[in-house]
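First comes the structure, then the notes that go with it.
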Amino acid sequence: MTSTAQTAAPTAEARNTPARIAFWSATCGVGMVLAIFLTPMFWLLYGQIYTFFMAVFGIVAIPAGHIGRIQGKRLGGRDRGMALLAIVTGWLLLLCVLLIVVAYGGLILGLTALFSFAS
């Protein structure tokens with residue numbers, strides 16, 4: 001069998017590792033979002049850590065998901081849906097990070113304005 005015939009026929013053991021990495025990264029990011037709602041006191045104390053890891057998980061999920069979609073096409077469609085879910089979730093995580101950063105900035109600007117008008 002030639003090498004092109006071997007790559008065209010996916011084996012039973014073939015795995016789409018980038019899609020799995022993207023999926024688990026997106027899952028961990030969603031876990032961070034749930035942690036924000038389930039532990040509000042920790043989020044108030046360590047919000048920058050939660051936000052940082054949400055951004056990291058989203059940034060990892062997007063390119064790994066795209067690579068997983070490409071590799072899934074080569075493997076006959078294996079884990080392509082999981083990779084697409086990770087891409088969408090990664091973008092939503094980055095949107096949440098952007099909203100949190102804007103909320104932090106608005107809070108700081110609002111408190112600054114409040115204290116400057118009070119004095």
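Following the order of the structure tokens, chains are lettered A, B, ..., residues in each are numbered from 1, and ligands are numbered from 1.
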> What lies within 12 Å of range 104-118 of chain A using only C-alpha atoms, ignoring chain neighbours under 5 positions off, as number ranges by chain?
Replying inline: A: 44, 47-48, 51, 97-99
>> Which residues are near Ile59 in chain A? Cut-off 12 Å, only C-alpha atoms, ignore same chain within fewer than 4 positions. Put them as a PyMOL selection string.
In response: chain A and resi 21-22+25-26+29+52-55+63-66+86-95+97
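For the set A:Ala19, A:Ala61, A:Ile36, A:Leu84, the residue with the smallest atom-to-atom gap to Ile100 in chain A is A:Ile36, counting only C-alpha atoms.
Ranking A:Trp43, A:Asn16, A:Phe23, A:Cys28 by their shortest atom-to-atom distance to Ile62 in chain A, with only C-alpha atoms included, puts A:Phe23 first.
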>> I'd like the interatomic distance between CA of Leu75 in chain A and CA of Trp24 in chain A, to a tenth of an Å.
In response: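 Computing it gives 19.8 Å between the two atoms.
Using only C-alpha atoms, the nearest neighbour of Gly76 in chain A within the list A:Ala103, A:Met41, A:Ala35, A:Ala14 is A:Ala14.
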> Quick one, how far is CA of Gly81 in chain A from CA of Gly68 in chain A?
Replying inline: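 Separation of CA of Gly81 in chain A and CA of Gly68 in chain A: 9.5 Å.
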>> Measuring between only C-alpha atoms, which one of A:Met32, A:Ile49, A:Val60, A:Ile67 shows the shortest distance to Pro18 in chain A?
In response: A:Ile67
> How many Å separate CA of Leu85 in chain A from CA of Thr27 in chain A?
Replying inline: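 Going from CA of Leu85 in chain A over to CA of Thr27 in chain A covers 10.0 Å.
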